[in-house]
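This is work.txt. It holds compact mmCIF, C-alpha atoms.
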```txt
# COMPACT_ATOMS: atom_id res chain seq x y z
CA GLN H 284 -49.29 31.34 -143.34
CA LYS H 285 -51.32 28.15 -143.17
CA GLU H 286 -49.74 25.38 -141.11
CA VAL H 287 -50.29 22.78 -143.85
CA GLU H 288 -50.46 23.74 -147.52
CA GLN H 289 -51.78 21.36 -150.14
CA ASP H 290 -52.61 21.90 -153.80
CA PRO H 291 -56.33 21.10 -154.14
CA GLY H 292 -55.99 19.93 -157.74
CA PRO H 293 -57.98 18.36 -159.29
CA LEU H 294 -55.47 15.80 -160.51
CA SER H 295 -56.46 13.38 -163.25
CA VAL H 296 -54.26 10.41 -164.24
CA PRO H 297 -54.70 7.25 -166.36
CA GLU H 298 -55.05 3.89 -164.68
CA GLY H 299 -51.67 2.38 -163.84
CA ALA H 300 -49.91 5.72 -163.46
CA ILE H 301 -47.73 6.64 -160.51
CA VAL H 302 -49.36 9.43 -158.54
CA SER H 303 -47.44 11.95 -156.47
CA LEU H 304 -49.32 14.02 -153.90
CA ASN H 305 -47.53 16.68 -151.91
CA CYS H 306 -47.87 19.01 -148.96
CA THR H 307 -45.71 21.55 -147.21
CA TYR H 308 -45.99 22.51 -143.57
CA SER H 309 -44.74 25.36 -141.43
CA ASN H 310 -45.09 24.07 -137.86
CA SER H 311 -41.73 22.65 -136.77
CA ALA H 312 -43.43 21.03 -133.76
CA PHE H 313 -45.17 18.45 -135.95
CA GLN H 314 -43.70 15.02 -135.34
CA TYR H 315 -46.25 12.74 -136.99
CA PHE H 316 -47.66 13.16 -140.45
CA MET H 317 -50.78 11.45 -141.69
CA TRP H 318 -52.40 10.81 -145.03
CA TYR H 319 -56.15 10.41 -145.10
CA ARG H 320 -58.36 9.37 -148.00
CA GLN H 321 -61.88 10.70 -148.29
CA TYR H 322 -64.47 9.38 -150.68
CA SER H 323 -67.41 11.55 -151.64
CA ARG H 324 -69.98 11.94 -148.84
CA LYS H 325 -67.81 9.95 -146.44
CA GLY H 326 -65.51 10.86 -143.58
CA PRO H 327 -61.72 10.82 -143.90
CA GLU H 328 -60.08 7.43 -143.50
CA LEU H 329 -56.50 7.04 -142.31
CA LEU H 330 -54.23 5.58 -144.99
CA MET H 331 -50.92 5.73 -143.18
CA TYR H 332 -48.76 7.82 -140.93
CA THR H 333 -45.04 8.49 -140.67
CA TYR H 334 -42.94 9.70 -137.80
CA SER H 335 -40.42 12.48 -138.33
CA SER H 336 -38.37 12.04 -141.50
CA GLY H 337 -38.14 9.02 -143.75
CA ASN H 338 -40.21 6.69 -145.84
CA LYS H 339 -43.00 4.27 -145.05
CA GLU H 340 -44.45 1.80 -147.50
CA ASP H 341 -47.78 -0.01 -147.37
CA GLY H 342 -48.69 -1.96 -150.47
CA ARG H 343 -49.02 0.45 -153.38
CA PHE H 344 -48.67 3.48 -151.11
CA THR H 345 -45.46 5.16 -149.96
CA ALA H 346 -45.32 8.15 -147.64
CA GLN H 347 -42.26 10.35 -147.38
CA VAL H 348 -41.39 13.14 -144.98
CA ASP H 349 -38.47 15.54 -145.40
CA LYS H 350 -38.30 17.60 -142.23
CA SER H 351 -35.41 19.71 -143.49
CA SER H 352 -37.60 21.10 -146.28
CA LYS H 353 -40.93 20.60 -144.43
CA TYR H 354 -42.23 18.54 -147.33
CA ILE H 355 -44.66 15.60 -147.17
CA SER H 356 -45.36 13.27 -150.08
CA LEU H 357 -47.63 10.34 -150.86
CA PHE H 358 -46.90 8.12 -153.84
CA ILE H 359 -49.45 5.71 -155.27
CA ARG H 360 -48.11 3.03 -157.60
CA ASP H 361 -50.23 1.29 -160.23
CA SER H 362 -53.12 3.63 -159.56
CA GLN H 363 -56.63 2.21 -159.86
CA PRO H 364 -60.01 3.84 -160.52
CA SER H 365 -60.90 2.90 -156.92
CA ASP H 366 -58.15 5.27 -155.77
CA SER H 367 -60.24 8.19 -157.02
CA ALA H 368 -60.87 10.26 -153.90
CA THR H 369 -59.66 13.33 -152.05
CA TYR H 370 -56.35 12.85 -150.26
CA LEU H 371 -55.63 14.91 -147.17
CA CYS H 372 -52.32 15.36 -145.44
CA ALA H 373 -52.18 16.29 -141.77
CA GLY H 374 -49.72 17.02 -139.00
CA ASN H 375 -50.29 16.39 -135.31
CA THR H 376 -51.47 17.11 -132.59
CA PRO H 377 -54.36 17.95 -132.67
CA LEU H 378 -54.67 17.07 -136.33
CA VAL H 379 -54.00 20.00 -138.67
CA PHE H 380 -55.20 19.22 -142.18
CA GLY H 381 -54.35 20.50 -145.60
CA LYS H 382 -57.20 21.33 -147.96
CA GLY H 383 -56.93 17.98 -149.73
CA THR H 384 -56.14 17.05 -153.32
CA ARG H 385 -58.92 15.58 -155.45
CA LEU H 386 -57.59 12.68 -157.51
CA SER H 387 -59.33 11.00 -160.44
CA VAL H 388 -57.89 7.80 -161.92
CA ILE H 389 -59.32 7.22 -165.37
CA ALA H 390 -59.79 3.64 -166.61
CA GLU I 258 -68.30 -3.50 -135.67
CA ALA I 259 -70.28 -0.30 -136.20
CA GLY I 260 -68.31 2.77 -137.12
CA VAL I 261 -68.76 6.32 -135.93
CA THR I 262 -72.27 7.50 -136.65
CA GLN I 263 -73.56 11.05 -136.90
CA PHE I 264 -77.05 12.44 -136.92
CA PRO I 265 -78.53 14.14 -138.82
CA SER I 266 -76.74 13.73 -142.11
CA HIS I 267 -78.08 17.08 -143.30
CA SER I 268 -79.60 20.06 -141.51
CA VAL I 269 -80.93 23.26 -143.02
CA ILE I 270 -81.84 26.00 -140.58
CA GLU I 271 -82.34 29.73 -140.59
CA LYS I 272 -79.96 32.21 -139.07
CA GLY I 273 -80.71 32.63 -135.38
CA GLN I 274 -82.08 29.14 -134.90
CA THR I 275 -80.55 26.41 -132.78
CA VAL I 276 -79.19 23.12 -134.10
CA THR I 277 -77.89 20.12 -132.22
CA LEU I 278 -75.62 17.60 -133.89
CA ARG I 279 -75.06 14.16 -132.45
CA CYS I 280 -72.13 11.78 -132.65
CA ASP I 281 -72.01 8.16 -131.53
CA PRO I 282 -68.40 6.97 -131.33
CA ILE I 283 -67.15 3.44 -131.77
CA SER I 284 -67.99 1.46 -128.65
CA GLY I 285 -65.15 1.54 -126.14
CA HIS I 286 -63.44 4.59 -127.60
CA ASP I 287 -62.73 7.04 -124.81
CA ASN I 288 -61.51 9.77 -127.13
CA LEU I 289 -63.96 11.78 -129.19
CA TYR I 290 -63.15 14.68 -131.49
CA TRP I 291 -65.19 17.26 -133.36
CA TYR I 292 -63.97 18.86 -136.57
CA ARG I 293 -65.51 21.26 -139.05
CA ARG I 294 -64.97 21.92 -142.72
CA VAL I 295 -66.21 25.24 -144.02
CA MET I 296 -66.59 25.35 -147.80
CA GLY I 297 -63.30 25.93 -149.54
CA LYS I 298 -61.31 25.58 -146.33
CA GLU I 299 -59.44 22.86 -144.51
CA ILE I 300 -60.96 20.48 -141.99
CA LYS I 301 -60.34 22.20 -138.66
CA PHE I 302 -60.18 20.74 -135.17
CA LEU I 303 -62.83 21.98 -132.74
CA LEU I 304 -62.40 19.98 -129.55
CA HIS I 305 -61.38 16.72 -127.92
CA PHE I 306 -63.15 14.75 -125.19
CA VAL I 307 -61.56 12.09 -123.06
CA LYS I 308 -64.55 10.21 -121.71
CA GLU I 309 -66.84 12.99 -120.48
CA SER I 310 -64.11 15.61 -119.93
CA LYS I 311 -63.04 18.27 -122.41
CA GLN I 312 -59.34 17.69 -122.95
CA ASP I 313 -58.82 20.43 -125.51
CA GLU I 314 -61.37 22.92 -126.75
CA SER I 315 -58.91 25.33 -128.33
CA GLY I 316 -60.59 25.08 -131.73
CA MET I 317 -64.08 26.10 -130.66
CA PRO I 318 -64.81 29.28 -132.62
CA ASN I 319 -66.91 31.12 -130.02
CA ASN I 320 -69.39 30.71 -127.19
CA ARG I 321 -72.27 29.99 -129.57
CA PHE I 322 -70.91 26.45 -129.75
CA LEU I 323 -71.48 24.06 -126.87
CA ALA I 324 -70.25 20.49 -126.85
CA GLU I 325 -71.22 17.87 -124.33
CA ARG I 326 -70.50 14.22 -123.77
CA THR I 327 -72.71 12.99 -120.99
CA GLY I 328 -71.60 9.70 -119.47
CA GLY I 329 -68.67 9.51 -121.81
CA THR I 330 -70.67 7.88 -124.59
CA TYR I 331 -72.31 9.90 -127.33
CA SER I 332 -71.62 13.59 -127.82
CA THR I 333 -73.68 16.54 -128.93
CA LEU I 334 -72.59 19.80 -130.49
CA LYS I 335 -75.11 22.62 -130.18
CA VAL I 336 -74.94 25.83 -132.15
CA GLN I 337 -77.06 28.61 -130.67
CA PRO I 338 -77.83 30.95 -132.31
CA ALA I 339 -76.60 29.78 -135.70
CA GLU I 340 -74.94 32.28 -138.04
CA LEU I 341 -74.37 32.07 -141.80
CA GLU I 342 -70.65 31.39 -141.33
CA ASP I 343 -71.45 28.25 -139.34
CA SER I 344 -72.43 26.45 -142.54
CA GLY I 345 -70.17 23.53 -143.34
CA VAL I 346 -69.63 19.86 -142.68
CA TYR I 347 -69.14 18.82 -139.07
CA PHE I 348 -67.18 15.64 -138.55
CA CYS I 349 -66.85 13.56 -135.45
CA ALA I 350 -64.02 11.09 -134.88
CA SER I 351 -63.19 8.64 -132.14
CA SER I 352 -60.09 6.74 -131.05
CA GLN I 353 -59.10 4.32 -128.31
CA GLY I 354 -56.12 6.32 -127.14
CA ALA I 355 -55.05 9.92 -127.56
CA ARG I 356 -51.54 9.34 -128.88
CA ALA I 357 -50.70 10.58 -132.34
CA THR I 358 -50.42 6.95 -133.46
CA ASP I 359 -53.94 6.07 -132.27
CA THR I 360 -56.10 6.03 -135.36
CA GLN I 361 -58.98 8.44 -135.38
CA TYR I 362 -62.03 6.95 -137.09
CA PHE I 363 -64.24 9.55 -138.69
CA GLY I 364 -67.97 9.59 -139.12
CA PRO I 365 -69.61 10.59 -142.41
CA GLY I 366 -70.27 14.12 -141.17
CA THR I 367 -73.31 16.35 -140.75
CA ARG I 368 -73.80 18.91 -143.49
CA LEU I 369 -75.15 22.09 -141.90
CA THR I 370 -76.61 24.87 -144.00
CA VAL I 371 -77.57 28.13 -142.32
CA LEU I 372 -79.79 30.36 -144.47
```
With the file now loaded, output its structure as structure tokens.
Amino acid sequence: QKEVEQDPGPLSVPEGAIVSLNCTYSNSAFQYFMWYRQYSRKGPELLMYTYSSGNKEDGRFTAQVDKSSKYISLFIRDSQPSDSATYLCAGNTPLVFGKGTRLSVIA
Amino acid sequence: EAGVTQFPSHSVIEKGQTVTLRCDPISGHDNLYWYRRVMGKEIKFLLHFVKESKQDESGMPNNRFLAERTGGTYSTLKVQPAELEDSGVYFCASSQGARATDTQYFGPGTRLTVL
């Protein structure tokens, strides 16, 4: 069983939609959970991280962790074409990544 | 401020040859990481340097891979001899600290193709 599972998509949504990206994990030792964004031909870029369970909000982005169900989510409100990228979830440490979900936001 | 740089951006070699990848971290970052993404798979951790010392090399696939970080600045990752399954994108990342909350800044990666 992979430590972090993520549906690779692709996911295509219209501009302004709310996007929900999800991962599950199996390693109970993970305490921090990260979301990275990766544009084509670039390296991953940290969007935000959360500790243990709960929510964290940063602008249009909200990250949620439910440790009881080992479920990680990233919500993007008012999605923009510039949000089109691959989104990777990860647990720590060292970083264990999911495969990433490719998101396209259509204008 | 310059980000993490990697050289070359692409490398195409034949099976059995040697390739050396280079990573220049952000200035002042003591922590340097190597990752690899094989096609269709997740990005996987290879190893972690703190300054010039290997802190964790649990992800190194085998002894054909040798990583060095002389003087605690730039790092090289040598693959010798390269095999077909070594093809993928090799990422380097650096951070100031090694805590989970210390942001790792990734380079653009080196795309390695072994024919």
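Closest approach to Met296 (chain I) among I:Thr360, I:Thr275, I:Ser351, I:Ser344 is made by I:Ser344 (distances from all atoms listed in the file).
By all atoms listed in the file, and with residues fewer than 5 positions from Tyr347 (chain I) along its chain excluded, the set lying at most 7 Å from it is I:Tyr292, I:Arg293, I:Arg294, I:Gly366, I:Thr367, I:Arg368.
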If you count only C-alpha atoms, which residues fall within 9 Å of Val302 (chain H), apart from same-chain ones fewer than 2 positions away, as a PDB file with C-alpha atoms, in the coordinates of the input?
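Saved the output as out_3.pdb:
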```pdb
ATOM      1  CA  VAL H 296     -54.260  10.410-164.240  1.00  0.00           C
ATOM      2  CA  ALA H 300     -49.910   5.720-163.460  1.00  0.00           C
ATOM      3  CA  LEU H 304     -49.320  14.020-153.900  1.00  0.00           C
ATOM      4  CA  LEU H 357     -47.630  10.340-150.860  1.00  0.00           C
ATOM      5  CA  PHE H 358     -46.900   8.120-153.840  1.00  0.00           C
ATOM      6  CA  ILE H 359     -49.450   5.710-155.270  1.00  0.00           C
ATOM      7  CA  ARG H 360     -48.110   3.030-157.600  1.00  0.00           C
ATOM      8  CA  ASP H 361     -50.230   1.290-160.230  1.00  0.00           C
ATOM      9  CA  SER H 362     -53.120   3.630-159.560  1.00  0.00           C
ATOM     10  CA  LEU H 386     -57.590  12.680-157.510  1.00  0.00           C
TER      11      LEU H 386
END
```
*Do me a favour and pick out the residues of chain I within 8 Å of chain H, using all atoms listed in the file, as a PyMOL selection string.*
chain I and resi 297-302+348+357-358+360-366
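Going from CA of Thr345 (chain H) to CA of Gln363 (chain H) covers 15.2 Å.
CA of Arg343 (chain H) is positioned 16.9 Å from CA of Ile355 (chain H).
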*Hey, what's within 9 Å of Glu325 (chain I) if we count only C-alpha atoms and toss same-chain stuff fewer than 2 positions away? As a ChimeraX atom specification, please?*
/I:306,309-311,323,327,331-335
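Restricting the calculation to all atoms listed in the file, the smallest distance between Arg385 (chain H) and any of H:Lys339, H:Asn305, H:Pro293, H:Glu286 is found for H:Pro293.
The two atoms in question, CA of Gly328 (chain I) and CA of Val346 (chain I), are spaced 25.4 Å apart.
Distances from I:Gly285, I:Gly316, I:Gly354, I:Gly273 to Ala339 (chain I) were compared using all atoms listed in the file, and the smallest one belongs to I:Gly273.
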